[in-house]
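input37.tsv follows; it contains TSV, C-alpha atoms.
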```tsv
chain	number	residue	atom	x	y	z
A	330	MET	CA	60.79	-8.89	31.11
A	331	GLN	CA	64.24	-10.19	30.20
A	332	ASP	CA	65.02	-13.84	30.93
A	333	ARG	CA	68.21	-15.21	32.48
A	334	HIS	CA	69.79	-15.85	29.10
A	335	GLN	CA	69.27	-12.25	27.97
A	336	ILE	CA	70.61	-10.88	31.26
A	337	ALA	CA	73.69	-13.12	31.14
A	338	SER	CA	74.35	-12.32	27.47
A	339	ALA	CA	74.05	-8.56	28.00
A	340	SER	CA	76.38	-8.70	30.99
A	341	GLN	CA	78.87	-10.86	29.07
A	342	THR	CA	78.88	-8.40	26.17
A	343	LEU	CA	79.58	-5.42	28.41
A	344	HIS	CA	82.22	-7.30	30.40
A	345	ASP	CA	84.02	-8.46	27.24
A	346	HIS	CA	84.25	-4.89	25.95
A	347	TRP	CA	85.44	-3.71	29.35
A	348	ARG	CA	88.26	-6.21	29.55
A	349	ALA	CA	89.27	-5.71	25.92
A	350	GLY	CA	89.20	-1.92	26.24
A	351	THR	CA	86.83	-1.72	23.28
A	352	LYS	CA	83.52	0.08	22.81
A	353	LEU	CA	80.09	-0.68	21.38
A	354	ASP	CA	77.44	1.63	20.01
A	355	VAL	CA	74.42	0.12	21.81
A	356	LEU	CA	73.35	-3.26	23.10
A	357	ASP	CA	71.42	-5.34	20.57
A	358	ASN	CA	67.67	-4.83	20.80
A	359	TRP	CA	67.02	-8.19	22.44
A	360	LEU	CA	69.65	-7.48	25.11
A	361	ARG	CA	68.82	-3.85	25.79
A	362	PRO	CA	67.19	-3.19	29.21
A	363	GLN	CA	63.84	-1.44	29.08
A	364	ASP	CA	63.82	-0.11	32.64
A	365	ARG	CA	65.96	0.26	35.77
A	366	ILE	CA	64.99	-3.17	37.12
A	367	GLU	CA	66.24	-4.96	34.00
A	368	ALA	CA	69.29	-2.70	33.94
A	369	TYR	CA	70.26	-3.51	37.53
A	370	ALA	CA	69.76	-7.23	36.84
A	371	ILE	CA	72.30	-7.02	34.01
A	372	GLN	CA	74.65	-5.05	36.23
A	373	ALA	CA	74.37	-7.58	39.07
A	374	ALA	CA	75.52	-10.37	36.76
A	375	ILE	CA	78.94	-8.72	36.48
A	376	GLU	CA	79.79	-10.05	39.94
A	377	ARG	CA	80.23	-13.54	38.50
A	378	PHE	CA	83.34	-12.31	36.65
A	379	SER	CA	85.06	-11.29	39.89
A	380	THR	CA	87.42	-13.63	41.70
A	381	THR	CA	86.63	-12.29	45.15
A	382	HIS	CA	83.92	-10.56	47.15
A	383	LEU	CA	82.43	-7.24	46.08
A	384	PHE	CA	84.58	-4.30	47.20
A	385	GLY	CA	81.76	-1.81	47.32
A	386	TRP	CA	79.43	0.55	45.52
A	387	LYS	CA	79.63	3.78	43.59
A	388	ILE	CA	77.02	6.42	42.90
A	389	ALA	CA	77.05	8.01	39.47
A	390	ALA	CA	75.52	11.37	38.62
A	391	THR	CA	75.00	12.76	42.12
A	392	SER	CA	75.84	16.26	40.87
A	393	GLU	CA	74.29	18.33	38.11
A	394	ALA	CA	77.66	18.33	36.35
A	395	GLY	CA	77.86	14.55	36.61
A	396	GLN	CA	74.35	14.15	35.23
A	397	LYS	CA	75.17	16.42	32.29
A	398	HIS	CA	78.42	14.54	31.69
A	399	ILE	CA	76.58	11.30	30.89
A	400	ASN	CA	73.19	12.86	30.08
A	401	VAL	CA	71.07	11.05	32.67
A	402	GLY	CA	68.16	12.19	34.78
A	403	GLY	CA	69.45	11.36	38.23
A	404	PRO	CA	71.76	9.25	40.39
A	405	MET	CA	72.38	5.55	39.83
A	406	ALA	CA	74.27	2.83	41.68
A	407	GLY	CA	77.16	0.76	40.38
A	408	ARG	CA	79.37	-2.02	41.72
A	409	ILE	CA	83.08	-1.63	42.56
A	410	LEU	CA	84.88	-4.91	41.90
A	411	ALA	CA	87.96	-5.61	44.00
A	412	GLU	CA	90.06	-6.08	40.85
A	413	THR	CA	89.45	-2.45	39.86
A	414	VAL	CA	90.84	-0.85	43.02
A	415	ILE	CA	94.16	1.02	42.66
A	416	PRO	CA	96.32	1.55	45.79
A	417	ASP	CA	96.52	5.09	47.13
A	418	GLY	CA	99.48	6.75	45.39
A	419	GLY	CA	99.54	4.02	42.76
A	420	THR	CA	99.25	4.16	38.99
A	421	ALA	CA	96.16	3.67	36.88
A	422	SER	CA	96.29	2.53	33.27
A	423	MET	CA	94.63	4.74	30.67
A	424	ALA	CA	94.37	1.87	28.20
A	425	GLY	CA	90.90	1.66	26.72
A	426	ASN	CA	89.66	4.60	28.81
A	427	GLU	CA	87.77	6.99	26.54
A	428	MET	CA	86.01	9.02	29.24
A	429	ARG	CA	89.39	10.09	30.68
A	430	VAL	CA	88.33	11.96	33.78
A	431	ALA	CA	89.11	11.82	37.50
A	432	GLU	CA	86.57	12.58	40.21
A	433	PRO	CA	87.36	13.51	43.86
A	434	GLU	CA	84.87	11.81	46.17
A	435	PHE	CA	83.86	11.16	49.77
A	436	ALA	CA	83.74	7.43	50.51
A	437	PHE	CA	82.31	5.55	53.50
A	438	ARG	CA	83.08	2.05	54.76
A	439	MET	CA	80.14	0.30	56.41
A	440	ARG	CA	80.36	-1.14	59.93
A	441	THR	CA	77.08	-3.09	59.98
A	442	ASP	CA	74.69	-4.49	57.38
A	443	LEU	CA	71.75	-2.49	56.06
A	444	PRO	CA	69.43	-5.25	54.79
A	445	SER	CA	66.55	-4.85	52.40
A	446	ARG	CA	63.30	-3.88	54.12
A	447	SER	CA	59.94	-2.31	53.30
A	448	THR	CA	60.55	1.10	54.90
A	449	PRO	CA	63.20	3.63	53.83
A	450	TYR	CA	66.33	4.17	55.89
A	451	THR	CA	66.80	7.58	57.47
A	452	VAL	CA	70.07	9.50	57.29
A	453	SER	CA	70.75	8.86	60.98
A	454	GLN	CA	70.13	5.12	60.61
A	455	VAL	CA	72.53	4.93	57.69
A	456	LEU	CA	75.22	6.98	59.46
A	457	ASP	CA	74.91	4.74	62.52
A	458	ALA	CA	75.89	1.85	60.25
A	459	VAL	CA	79.05	3.59	58.97
A	460	ASP	CA	82.51	2.72	60.24
A	461	THR	CA	84.96	5.12	58.55
A	462	LEU	CA	85.17	8.03	56.12
A	463	HIS	CA	87.83	8.08	53.38
A	464	PRO	CA	89.02	10.48	50.67
A	465	ALA	CA	88.76	8.80	47.29
A	466	ILE	CA	89.21	9.24	43.54
A	467	GLU	CA	87.02	7.56	40.99
A	468	ILE	CA	88.18	7.04	37.40
A	469	PRO	CA	84.99	6.21	35.50
A	470	ASP	CA	84.51	4.99	31.96
A	471	SER	CA	81.77	3.55	29.77
A	472	ARG	CA	81.67	0.60	27.43
A	473	PHE	CA	79.53	2.69	25.08
A	474	SER	CA	81.29	4.76	22.45
A	475	ASP	CA	78.61	7.45	22.80
A	476	PHE	CA	77.78	7.31	26.50
A	477	VAL	CA	76.02	10.68	26.29
A	478	SER	CA	73.19	9.15	24.24
A	479	ALA	CA	73.16	5.65	25.77
A	480	GLY	CA	70.38	6.54	28.22
A	481	ASP	CA	69.79	5.77	31.89
A	482	ALA	CA	68.98	2.06	31.53
A	483	GLN	CA	72.00	1.17	29.40
A	484	ILE	CA	74.31	3.22	31.64
A	485	ILE	CA	73.04	1.35	34.73
A	486	ALA	CA	73.56	-1.96	32.93
A	487	ASP	CA	77.06	-0.71	32.10
A	488	ASN	CA	77.75	-0.69	35.85
A	489	ALA	CA	77.01	3.05	36.09
A	490	CYS	CA	80.32	3.78	34.32
A	491	ALA	CA	82.42	2.08	37.00
A	492	HIS	CA	86.01	1.50	35.89
A	493	LEU	CA	88.83	2.16	38.39
A	494	PHE	CA	88.81	3.41	41.97
A	495	VAL	CA	91.35	4.72	44.50
A	496	LEU	CA	90.61	4.63	48.24
A	497	GLY	CA	92.59	6.81	50.61
A	498	PRO	CA	93.22	6.01	54.28
A	499	ALA	CA	90.43	6.36	56.81
A	500	THR	CA	90.33	9.85	58.27
A	501	THR	CA	91.43	10.25	61.87
A	502	ALA	CA	89.40	13.44	62.24
A	503	ASP	CA	85.97	13.46	63.88
A	504	TRP	CA	84.13	13.59	60.57
A	505	ARG	CA	80.75	13.08	62.21
A	506	ALA	CA	81.10	16.46	63.90
A	507	ARG	CA	81.89	18.25	60.63
A	508	ASP	CA	79.53	19.71	58.05
A	509	LEU	CA	80.47	17.68	54.99
A	510	VAL	CA	78.31	19.98	52.87
A	511	GLU	CA	80.88	22.75	53.28
A	512	GLU	CA	84.03	20.67	52.87
A	513	ARG	CA	86.09	21.93	49.92
A	514	PRO	CA	88.60	19.31	48.72
A	515	VAL	CA	91.42	20.73	46.57
A	516	THR	CA	92.57	18.69	43.58
A	517	THR	CA	96.03	19.40	42.16
A	518	LEU	CA	96.45	18.33	38.54
A	519	ARG	CA	99.09	19.51	36.03
A	520	GLY	CA	100.09	22.36	38.29
A	521	GLN	CA	96.55	23.70	38.64
A	522	GLN	CA	94.23	23.55	41.63
A	523	PHE	CA	90.53	22.79	41.47
A	524	VAL	CA	88.29	23.35	44.49
A	525	GLY	CA	85.39	20.96	45.01
A	526	HIS	CA	82.40	21.37	47.30
A	527	GLY	CA	80.60	18.83	49.47
A	528	LYS	CA	77.23	20.26	48.50
A	529	ASN	CA	77.80	19.09	44.91
A	530	VAL	CA	77.29	15.51	46.07
A	531	LEU	CA	73.49	15.30	45.95
A	532	GLY	CA	73.40	18.26	48.33
A	533	ASP	CA	75.36	16.37	51.02
A	534	PRO	CA	77.58	13.24	50.82
A	535	ARG	CA	75.57	11.80	53.72
A	536	LEU	CA	72.36	12.20	51.74
A	537	ALA	CA	74.03	10.47	48.80
A	538	LEU	CA	75.02	7.55	51.01
A	539	THR	CA	71.45	7.31	52.28
A	540	TRP	CA	70.17	7.37	48.70
A	541	LEU	CA	72.43	4.41	47.90
A	542	ALA	CA	71.24	2.42	50.91
A	543	ASN	CA	67.63	2.96	49.86
A	544	GLU	CA	68.29	2.24	46.19
A	545	LEU	CA	69.73	-1.14	47.21
A	546	ARG	CA	66.89	-1.67	49.68
A	547	GLN	CA	64.36	-1.34	46.88
A	548	LEU	CA	66.34	-3.79	44.77
A	549	GLY	CA	66.33	-6.36	47.57
A	550	VAL	CA	70.11	-6.01	48.06
A	551	THR	CA	71.84	-5.75	51.45
A	552	LEU	CA	74.46	-3.05	51.88
A	553	LYS	CA	76.93	-5.23	53.72
A	554	ALA	CA	79.40	-4.44	56.49
A	555	GLY	CA	82.89	-3.83	55.13
A	556	ARG	CA	81.67	-2.54	51.78
A	557	VAL	CA	82.91	0.87	50.64
A	558	VAL	CA	80.48	3.39	49.13
A	559	THR	CA	81.89	6.26	47.11
A	560	THR	CA	79.29	8.98	46.86
A	561	GLY	CA	79.98	10.86	43.63
A	562	THR	CA	82.22	13.67	42.50
A	563	CYS	CA	82.39	16.92	44.46
A	564	HIS	CA	83.89	18.73	41.46
A	565	PRO	CA	82.97	18.58	37.76
A	566	PRO	CA	84.87	15.64	36.18
A	567	LEU	CA	88.51	16.62	35.60
A	568	PRO	CA	90.12	15.68	32.26
A	569	ILE	CA	93.19	13.45	32.62
A	570	GLN	CA	95.83	11.97	30.33
A	571	ALA	CA	98.75	9.57	30.55
A	572	GLY	CA	101.60	11.08	32.56
A	573	ASP	CA	99.31	13.05	34.87
A	574	PHE	CA	99.39	12.82	38.65
A	575	CYS	CA	96.20	13.69	40.51
A	576	ALA	CA	96.36	14.57	44.23
A	577	VAL	CA	93.33	15.51	46.31
A	578	ASP	CA	93.63	17.24	49.67
A	579	PHE	CA	90.53	16.92	51.83
A	580	GLY	CA	92.08	19.03	54.59
A	581	VAL	CA	91.74	17.45	58.03
A	582	LEU	CA	89.90	14.53	56.41
A	583	GLY	CA	93.04	13.35	54.63
A	584	LYS	CA	94.61	13.02	51.20
A	585	VAL	CA	94.50	10.61	48.25
A	586	SER	CA	96.42	10.47	44.97
A	587	VAL	CA	96.94	8.47	41.80
A	588	GLY	CA	99.11	8.65	38.69
A	589	PHE	CA	98.15	7.72	35.12
A	590	GLU	CA	100.06	5.85	32.45
```
Can I see the file as structure tokens?
Amino acid sequence: MQDRHQIASASQTLHDHWRAGTKLDVLDNWLRPQDRIEAYAIQAAIERFSTTHLFGWKIAATSEAGQKHINVGGPMAGRILAETVIPDGGTASMAGNEMRVAEPEFAFRMRTDLPSRSTPYTVSQVLDAVDTLHPAIEIPDSRFSDFVSAGDAQIIADNACAHLFVLGPATTADWRARDLVEERPVTTLRGQQFVGHGKNVLGDPRLALTWLANELRQLGVTLKAGRVVTTGTCHPPLPIQAGDFCAVDFGVLGKVSVGFE
């Protein structure tokens, strides 16, 4: 099991590459996590680099396309730092971003805490703790030059490829009465339209949110009120480049957009 010094050193290494916009091949052997527990411990240490409270959580690889994109076996949680959030309609820098994709996502803001406990949360219990639903765009990236071969543990330690995030306004529609599985957000990018599907998000964005709550539960972490959870892409990751403008129309659920420079 890694000690505090190894965890802190691994986190520092990943953070330094993130801020510098540089990449590494792999973590040194003595810093490399051997399982998900060690990986999440390294990830958690990234919070000490933030100047404010945690903004929320992301879920990576909730779709088959997302899993293939980073070559992992299943979903994984990551932290969204407040410093990485881009205003709706704002501009995101492409500097240092080698993954260069945008992902349309369903995001939820929590109304009440979901603390760690011994028994799993049900979907209804998790939804009862939700305040609002938002359209969102995630702009992921990895600190590994070859993220496809980094493996699950290193990707988790690398904050599950968290990089930048755009949160749209809370929907005014009655989203609880809608079947999110069949929602089909339309992304407009470089004059083309790409239709997503709610079922791509672990079968249902609500199931993905419940997965996140239970992943944190098992880690002894409370999903706190006010935190935003973005549930994973509903369309295969869309390639982006500087000068692009990405707009996602979630129909009655709202819109969100971001430019790239």
Closest to Asp332 of chain A among A:Arg408, A:Arg440, A:Arg361, A:Lys352, using all atoms listed in the file?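 Once distances to Asp332 of chain A are computed over all atoms listed in the file, the minimum belongs to A:Arg361.
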Write out as a ChimeraX atom specification which residues come within 10 Å of Trp504 of chain A when counting all atoms listed in the file, dropping same-chain ones fewer than 2 positions away. /A:461-463,500-502,506-509,581-582
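Near Phe523 of chain A, within 10 Å and counting only C-alpha atoms, sit Arg513, Pro514, Val515, Thr516, Thr517, Leu518, His564, Pro565, Leu567 and Val577 of chain A, not including residues fewer than 4 positions from it in the same chain.
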When you look at His334 of chain A with a cut-off of 12 Å (counting all atoms listed in the file), what residues show up, excluding the ones that are within fewer than 6 positions of it in the same chain? I need them as a count of residues only. 7
With all atoms of segment 386-391 of chain A from the file as input, state the centre and edge lengths in Å to one decimal of the axis-aligned box that has 4 Å extra on each side, as JSON.
```
{"center_x": 77.3, "center_y": 6.7, "center_z": 42.1, "size_x": 12.6, "size_y": 20.2, "size_z": 14.9}
```
Which residue out of A:Gly402, A:Pro566, A:Pro498, A:Pro534 has the minimum interatomic distance to Asp470 of chain A when all atoms listed in the file are used?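 Nearest to Asp470 of chain A: A:Pro566.
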Nearest-residue call for Asp578 of chain A, choices A:Asp442, A:Glu434, A:Glu511, A:Glu544, using only C-alpha atoms: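 Of A:Asp442, A:Glu434, A:Glu511, A:Glu544, the one nearest Asp578 of chain A is A:Glu434, counting only C-alpha atoms.
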Which of these residues is nearest to Ala465 of chain A, using only C-alpha atoms: A:Arg429, A:His398, A:Lys584, A:Arg365? A:Lys584
Pick out the residues sitting within 8 Å of segment 478-491 of chain A, and hand them over as a PyMOL selection string; count only C-alpha atoms, and ignore anything fewer than 2 positions along from it in its own chain. chain A and resi 340+343+355-356+361-365+367-372+387-389+399-402+405-409+468-473+475-476+493
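What separates atom CA of Gln396 of chain A from atom CA of Glu467 of chain A is a distance of 15.4 Å.
For the pair atom CA of Pro464 of chain A and atom CA of Pro433 of chain A, the interatomic distance is 7.6 Å.
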Using atom CA of Gln547 of chain A and atom CA of Gln331 of chain A as the two end points, give the distance in Å to one decimal.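 If I compute the distance from atom CA of Gln547 of chain A to atom CA of Gln331 of chain A, I get 18.9 Å.
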For Gly588 of chain A, which of A:Ile375, A:Leu538, A:Ile415, A:Leu443 is the closest residue, counting only C-alpha atoms?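 Comparing A:Ile375, A:Leu538, A:Ile415, A:Leu443 against Gly588 of chain A, the winner is A:Ile415.
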From the list A:Gln570, A:Thr559, A:Ser422, A:Thr391, which residue is nearest Ala436 of chain A when using only C-alpha atoms? A:Thr559
Excluding Ser453 of chain A and any residue of its chain fewer than 3 positions from it, enumerate the residues within 10 Å of it, using only C-alpha atoms, and give them as a short mmCIF file (atom, residue, chain, number, x, y, z; two decimals) with C-alpha atoms, in the frame of the given file.
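Done, and the output landed in around.cif:
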```cif
data_model
loop_
_atom_site.label_atom_id
_atom_site.label_comp_id
_atom_site.auth_asym_id
_atom_site.auth_seq_id
_atom_site.Cartn_x
_atom_site.Cartn_y
_atom_site.Cartn_z
CA TYR A 450 66.33 4.17 55.89
CA LEU A 456 75.22 6.98 59.46
CA ASP A 457 74.91 4.74 62.52
CA ALA A 458 75.89 1.85 60.25
CA ARG A 535 75.57 11.80 53.72
CA LEU A 536 72.36 12.20 51.74
CA THR A 539 71.45 7.31 52.28
#
```
